[in-house]
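J.: This structure is in structure tokens; I'll ask about it shortly.
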Amino acid sequence: MAENRRTTLTLTDQDPATVQADTLVLAATKDDGQVALVADGLPAETAEHVQEALTTLGAEAGADETTRLTGVPGVAAGLVVVVGMPSGPAPRTERLRRAAGVAARALTGRERAAFALGQSTTEEAVAVAGGAVLGAYTFAEHHGVGKAESAKPALGEAVVTGVAADEVEAATAQATAVVDAVRYARDLVNTPPNLLYPESFAANVGERLDGSPVQVEVWDTERLQEERCGGILGVGQGSGRGPRLVTLRYEPEGATRHLALVGKGITFDSGGLCLKPGASMVTMKMDMAGAAAVAAAVTAVAELGLPVRVTAYLCLAENMLGEFAQRPGDVVTMRDGRTVEIINTDAEGRLVMADGLALATEQGPDAIVDVATLTGACIIALGDRTMGVMGNDDALREQVVELANGVGDTAWPLPLPEEIRPSLDTVVADLKHTGERSAGASVAATFLQEFVGKRGESEDAEQIPWAHLDIAGPASTRSRRGATCPRAAPGRPSARSWSWRAPTRLTSADPGM
């Protein structure tokens with residue numbers, strides 16, 4: 001089998017020129033038509049040599065441009081790579097992240113590279129670190145003899161400069177925890193569906209978290225029946241591989257706030273009896289990306305020791321066409337006791353998520369965030385790079401959008417017009433799970449909203465703030481989608497969104513903190 005090497009990470013306060021590495025990565029920008037090297041921390045002779053070389057070679061400092069130079073004086077590295085970092089509306093941390101990713105992708109087969117892109121704070125250094133490691137990501141787990149000889153391994157180690165000596169250890173731990181979590185999500189999503197199915201997914205998560213402070217509980221088919229999770233059971237009953245519900249509990253001592261996460265985990269979606277066209281099934285192993293992102297986020301939260309209680313629900317099923325497959329016209333009873341008429345078996349994600357949201361509601365958390373590859377309609381509305389964010393609380397929704405955009409997980413708010421709800425009415429059951437064809441992303445989210453309850457049962461109980469992330473577009477890709485997203489699952493919304501600032505900010509009494 002081909003080597004599936006993982007890039008290791010080191011942050012340092014060392015001068016870029018003195019780092020012992022086979023490659024030194026620098027950045028160049030272009031302002032007013034002039035290409036300029038970002039020369040922070042470099043010897044004068046080095047900066048002058050590289051600047052002259054860029055001019056001679058006609059470098060443009062474009063977003064995907066790398067220029068290779070050898071024989072550069074004053075540096076320990078034998079090769080210098082200058083990556084373009086053009087100006088633009090993106091935050092500086094995101095431009096640094098993208099530039100590092102482009103460079104790392106160009107360094108396959110290299111053992112050690114130092115990244116000095118002009119980062120001057122720990123936050124910027126962590127952004128460079130994330131870009132470098134995630135840009136270098138490969139998934140060669142299933143490459144066989146046909147590629148074993150020709151494939152080059154990923155960059156061996158990324159060394160990121162620009163961190164103060166007293167912050168190196170903490171910054172390295174933070175960056176490593178987050179990128180490891182993102183890579184874990186990507187690995188899950190990229191795993192073939194004959195190997196990753198509800199039972200094996202649950203086992204994988206359990207093994208990953210073994211020995212961590214996270215408690216893992218798995219409900220099999222029998223337990224799901226006892227717990228009245230009709231949505232998950234109905235979707236999974238057409239598969240020979242039964243559904244699972246995985247609950248992850250992280251409860252650090254002293255935590256006063258509680259965040260619930262719910263992830264859609266359809267390990268393969270054939271569409272059920274409402275069968276998808278063959279071409280539409282090609283990426284359907286990625287229909288569990290929401291559960292992957294949630295599982296990865298919890299691992300990072302625990303690794304970082306964040307002082308927030310987190311409860312996560314991974315709603316796992318395979319949507320197939322076996323003899324007991326769910327039919328249009330069926331009626332299922334959900335966890336909260338309400339009945340739902342099935343209209344389209346290819347709208348299965350909202351059914352498993354509804355049970356997860358009902359379970360989350362029972363815990364009375366301070367906020368609920370769900371993540372799902374829910375609708376093609378969201379891709380039509382926002383494209384394949386941007387997630388749609390909906391919810392019942394304006395402050396929470398805007399905070400999610402802000403957090404996601406801040407780490408490069410592009411997000412945009414979508415409305416939940418009250419006129420949509422009547423389209424879910426039916427005379428057969430309490431409600432049906434599909435409505436009007438237009439505004440499909442908002443229709444699906446309106447259905448989910450029905451299963452988000454209040455904190456407590458009194459008449460004056462408050463509605464639990466809830467945000468829904470439709471990641472149908474950015475969760476999967478068959479082609480390159482950016483500097484840090486390979487031709488595989490980008491792991492979005494990445495654990496970057498949820499593993500550092502999000503748990504504390506989303507459950508803060510002051511949403512603006």
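Residues in the structure tokens are numbered from 1 in each chain, the chains being A, B, ... in the order shown, and ligands are numbered from 1 in the order shown.
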Counting only C-alpha atoms, what is within 9 Å of segment 55-66 of chain A, bar same-chain residues fewer than 6 positions away, as a list in words?
T.: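 Here the answer would be Ala27, Ala28, Thr29, Lys30, Gly33, Gln34, Val35, Ala36, Val81, Val82, Val83, Gly84, Met85, Pro86, Arg98, Ala99, Val102, Ala103, Ala106 and Ala483 of chain A.
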J.: Residues at most 7 Å from Thr7 of chain A, counting only C-alpha atoms, excluding those fewer than 3 positions away in the same chain, as a PyMOL selection string?
T.: chain A and resi 133+136+154-158
J.: Enumerate, as an MDAnalysis selection string, the complete set of residues in segment 3-87 of chain A that a backbone-based DSSP assignment places in strand (DSSP E or B).
T.: chainID A and resid 8:11 23:31 34:38 66:70 79:84
J.: Limited to N, CA and C atoms, could you put the picked residues into a file as a PDB file, in the first residue's frame?
T.:
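As a result, out.pdb now contains:
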```
ATOM      1  N   THR A   8       3.834  16.531  10.265  1.00  0.00           N
ATOM      2  CA  THR A   8       3.924  16.942  11.671  1.00  0.00           C
ATOM      3  C   THR A   8       4.141  18.452  11.741  1.00  0.00           C
ATOM      4  N   LEU A   9       3.971  18.993  12.921  1.00  0.00           N
ATOM      5  CA  LEU A   9       3.939  20.447  13.071  1.00  0.00           C
ATOM      6  C   LEU A   9       4.825  20.890  14.218  1.00  0.00           C
ATOM      7  N   THR A  10       5.610  21.932  13.975  1.00  0.00           N
ATOM      8  CA  THR A  10       6.434  22.555  15.010  1.00  0.00           C
ATOM      9  C   THR A  10       6.326  24.071  14.876  1.00  0.00           C
ATOM     10  N   LEU A  11       6.013  24.753  15.957  1.00  0.00           N
ATOM     11  CA  LEU A  11       6.044  26.213  15.982  1.00  0.00           C
ATOM     12  C   LEU A  11       7.280  26.643  16.760  1.00  0.00           C
ATOM     13  N   THR A  23      13.678  23.184   2.864  1.00  0.00           N
ATOM     14  CA  THR A  23      12.971  24.229   2.123  1.00  0.00           C
ATOM     15  C   THR A  23      12.578  25.362   3.064  1.00  0.00           C
ATOM     16  N   LEU A  24      12.725  26.587   2.589  1.00  0.00           N
ATOM     17  CA  LEU A  24      12.235  27.764   3.293  1.00  0.00           C
ATOM     18  C   LEU A  24      11.142  28.384   2.436  1.00  0.00           C
ATOM     19  N   VAL A  25       9.958  28.562   3.020  1.00  0.00           N
ATOM     20  CA  VAL A  25       8.824  29.128   2.295  1.00  0.00           C
ATOM     21  C   VAL A  25       8.647  30.585   2.700  1.00  0.00           C
ATOM     22  N   LEU A  26       8.666  31.470   1.708  1.00  0.00           N
ATOM     23  CA  LEU A  26       8.444  32.902   1.915  1.00  0.00           C
ATOM     24  C   LEU A  26       7.206  33.329   1.141  1.00  0.00           C
ATOM     25  N   ALA A  27       6.779  34.549   1.357  1.00  0.00           N
ATOM     26  CA  ALA A  27       5.592  35.056   0.669  1.00  0.00           C
ATOM     27  C   ALA A  27       5.917  36.335  -0.087  1.00  0.00           C
ATOM     28  N   ALA A  28       5.165  36.566  -1.143  1.00  0.00           N
ATOM     29  CA  ALA A  28       5.276  37.809  -1.915  1.00  0.00           C
ATOM     30  C   ALA A  28       3.885  38.367  -2.145  1.00  0.00           C
ATOM     31  N   THR A  29       3.772  39.670  -2.098  1.00  0.00           N
ATOM     32  CA  THR A  29       2.497  40.341  -2.348  1.00  0.00           C
ATOM     33  C   THR A  29       2.636  41.245  -3.566  1.00  0.00           C
ATOM     34  N   LYS A  30       1.506  41.740  -4.026  1.00  0.00           N
ATOM     35  CA  LYS A  30       1.525  42.645  -5.167  1.00  0.00           C
ATOM     36  C   LYS A  30       0.611  43.818  -4.880  1.00  0.00           C
ATOM     37  N   ASP A  31       1.192  45.004  -4.827  1.00  0.00           N
ATOM     38  CA  ASP A  31       0.435  46.224  -4.574  1.00  0.00           C
ATOM     39  C   ASP A  31       0.829  47.270  -5.612  1.00  0.00           C
ATOM     40  N   GLN A  34       3.315  46.284  -8.227  1.00  0.00           N
ATOM     41  CA  GLN A  34       4.672  45.928  -7.849  1.00  0.00           C
ATOM     42  C   GLN A  34       4.677  44.699  -6.952  1.00  0.00           C
ATOM     43  N   VAL A  35       5.501  43.711  -7.325  1.00  0.00           N
ATOM     44  CA  VAL A  35       5.648  42.512  -6.508  1.00  0.00           C
ATOM     45  C   VAL A  35       6.701  42.777  -5.441  1.00  0.00           C
ATOM     46  N   ALA A  36       6.332  42.481  -4.189  1.00  0.00           N
ATOM     47  CA  ALA A  36       7.242  42.755  -3.075  1.00  0.00           C
ATOM     48  C   ALA A  36       7.342  41.535  -2.177  1.00  0.00           C
ATOM     49  N   LEU A  37       8.556  41.175  -1.842  1.00  0.00           N
ATOM     50  CA  LEU A  37       8.790  40.067  -0.926  1.00  0.00           C
ATOM     51  C   LEU A  37       8.433  40.496   0.494  1.00  0.00           C
ATOM     52  N   VAL A  38       7.780  39.597   1.226  1.00  0.00           N
ATOM     53  CA  VAL A  38       7.548  39.824   2.645  1.00  0.00           C
ATOM     54  C   VAL A  38       8.815  39.357   3.357  1.00  0.00           C
ATOM     55  N   THR A  66       3.787  29.637  -7.152  1.00  0.00           N
ATOM     56  CA  THR A  66       4.978  29.360  -6.362  1.00  0.00           C
ATOM     57  C   THR A  66       6.198  29.513  -7.257  1.00  0.00           C
ATOM     58  N   THR A  67       7.240  30.122  -6.731  1.00  0.00           N
ATOM     59  CA  THR A  67       8.497  30.325  -7.452  1.00  0.00           C
ATOM     60  C   THR A  67       9.610  29.649  -6.671  1.00  0.00           C
ATOM     61  N   ARG A  68      10.355  28.760  -7.318  1.00  0.00           N
ATOM     62  CA  ARG A  68      11.420  28.002  -6.652  1.00  0.00           C
ATOM     63  C   ARG A  68      12.781  28.613  -6.957  1.00  0.00           C
ATOM     64  N   LEU A  69      13.568  28.791  -5.917  1.00  0.00           N
ATOM     65  CA  LEU A  69      14.890  29.385  -6.052  1.00  0.00           C
ATOM     66  C   LEU A  69      15.915  28.537  -5.299  1.00  0.00           C
ATOM     67  N   THR A  70      17.074  28.357  -5.897  1.00  0.00           N
ATOM     68  CA  THR A  70      18.177  27.678  -5.219  1.00  0.00           C
ATOM     69  C   THR A  70      19.363  28.630  -5.123  1.00  0.00           C
ATOM     70  N   LEU A  79      16.599  25.094  -0.668  1.00  0.00           N
ATOM     71  CA  LEU A  79      15.570  25.525  -1.618  1.00  0.00           C
ATOM     72  C   LEU A  79      14.702  26.588  -0.955  1.00  0.00           C
ATOM     73  N   VAL A  80      14.436  27.656  -1.690  1.00  0.00           N
ATOM     74  CA  VAL A  80      13.508  28.684  -1.232  1.00  0.00           C
ATOM     75  C   VAL A  80      12.307  28.683  -2.166  1.00  0.00           C
ATOM     76  N   VAL A  81      11.118  28.603  -1.599  1.00  0.00           N
ATOM     77  CA  VAL A  81       9.876  28.669  -2.364  1.00  0.00           C
ATOM     78  C   VAL A  81       9.142  29.936  -1.962  1.00  0.00           C
ATOM     79  N   VAL A  82       8.841  30.762  -2.957  1.00  0.00           N
ATOM     80  CA  VAL A  82       8.104  31.998  -2.695  1.00  0.00           C
ATOM     81  C   VAL A  82       6.680  31.815  -3.197  1.00  0.00           C
ATOM     82  N   VAL A  83       5.721  31.947  -2.304  1.00  0.00           N
ATOM     83  CA  VAL A  83       4.322  31.730  -2.645  1.00  0.00           C
ATOM     84  C   VAL A  83       3.605  33.078  -2.709  1.00  0.00           C
ATOM     85  N   GLY A  84       2.711  33.205  -3.677  1.00  0.00           N
ATOM     86  CA  GLY A  84       1.940  34.434  -3.810  1.00  0.00           C
ATOM     87  C   GLY A  84       0.911  34.583  -2.702  1.00  0.00           C
TER      88      GLY A  84
END
```
J.: From the DSSP assignment of the backbone, select every residue of segment 143-364 of chain A that is helix (DSSP H, G or I), and format the answer as a ChimeraX atom specification.
T.: /A:145-148,165-190,198-209,221-226,230-236,278-281,284-286,289-304,349-362
J.: I'd like to know which of A:Asp187, A:Glu111, A:Asp394, A:Asp210 is closest to Lys152 of chain A, using only C-alpha atoms.
T.: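 Looking at the shortest contact to Lys152 of chain A, the residue is A:Glu111.
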J.: Just the residues within 12 Å of Thr426 of chain A, please, counting only C-alpha atoms, with nothing from its chain fewer than 6 positions along; format it as a PDB file with N, CA and C atoms, in the first residue's frame.
T.:
```
ATOM      1  N   GLY A 329     -45.316   7.375   2.007  1.00  0.00           N
ATOM      2  CA  GLY A 329     -46.614   7.061   2.587  1.00  0.00           C
ATOM      3  C   GLY A 329     -46.532   6.437   3.959  1.00  0.00           C
ATOM      4  N   VAL A 331     -45.691   6.152   7.925  1.00  0.00           N
ATOM      5  CA  VAL A 331     -45.743   7.098   9.039  1.00  0.00           C
ATOM      6  C   VAL A 331     -44.858   6.563  10.156  1.00  0.00           C
ATOM      7  N   THR A 339     -45.731  12.193  15.072  1.00  0.00           N
ATOM      8  CA  THR A 339     -45.718  11.304  13.910  1.00  0.00           C
ATOM      9  C   THR A 339     -45.418  12.105  12.652  1.00  0.00           C
ATOM     10  N   VAL A 340     -44.678  11.470  11.739  1.00  0.00           N
ATOM     11  CA  VAL A 340     -44.257  12.119  10.501  1.00  0.00           C
ATOM     12  C   VAL A 340     -44.603  11.225   9.316  1.00  0.00           C
ATOM     13  N   GLU A 341     -45.282  11.814   8.330  1.00  0.00           N
ATOM     14  CA  GLU A 341     -45.573  11.094   7.094  1.00  0.00           C
ATOM     15  C   GLU A 341     -44.370  11.206   6.157  1.00  0.00           C
ATOM     16  N   ILE A 342     -43.938  10.069   5.623  1.00  0.00           N
ATOM     17  CA  ILE A 342     -42.807  10.028   4.707  1.00  0.00           C
ATOM     18  C   ILE A 342     -43.302  10.333   3.292  1.00  0.00           C
ATOM     19  N   ILE A 343     -42.702  11.299   2.650  1.00  0.00           N
ATOM     20  CA  ILE A 343     -43.080  11.693   1.291  1.00  0.00           C
ATOM     21  C   ILE A 343     -41.997  11.289   0.297  1.00  0.00           C
ATOM     22  N   LYS A 432     -45.603  16.287   7.796  1.00  0.00           N
ATOM     23  CA  LYS A 432     -44.809  15.531   6.836  1.00  0.00           C
ATOM     24  C   LYS A 432     -43.421  16.162   6.750  1.00  0.00           C
ATOM     25  N   HIS A 433     -42.481  15.423   6.169  1.00  0.00           N
ATOM     26  CA  HIS A 433     -41.098  15.894   6.262  1.00  0.00           C
ATOM     27  C   HIS A 433     -40.634  16.657   5.035  1.00  0.00           C
ATOM     28  N   THR A 434     -41.499  16.878   4.074  1.00  0.00           N
ATOM     29  CA  THR A 434     -41.175  17.742   2.944  1.00  0.00           C
ATOM     30  C   THR A 434     -42.300  18.744   2.757  1.00  0.00           C
ATOM     31  N   GLY A 435     -41.956  19.844   2.083  1.00  0.00           N
ATOM     32  CA  GLY A 435     -42.953  20.875   1.849  1.00  0.00           C
ATOM     33  C   GLY A 435     -42.866  21.374   0.430  1.00  0.00           C
TER      34      GLY A 435
END
```
J.: List the spatial neighbours of segment 288-292 of chain A as a PyMOL selection string - criterion: any atom at most 10 Å away, only C-alpha atoms, same-chain residues fewer than 3 positions off excluded.
T.: chain A and resi 181-182+184-190+196-198+201+205+246+261-269+284-285+295-297+312-318+349+370-374+469-472+474-476+489-495
J.: Show me, as number ranges by chain, the residues that have an atom within 10 Å of segment 172-176 of chain A when counting only C-alpha atoms, minus same-chain residues fewer than 2 positions from it.
T.: A: 8-12, 122-123, 125-130, 133, 160, 163, 167-170, 178-182, 300, 303-304, 496, 499-500
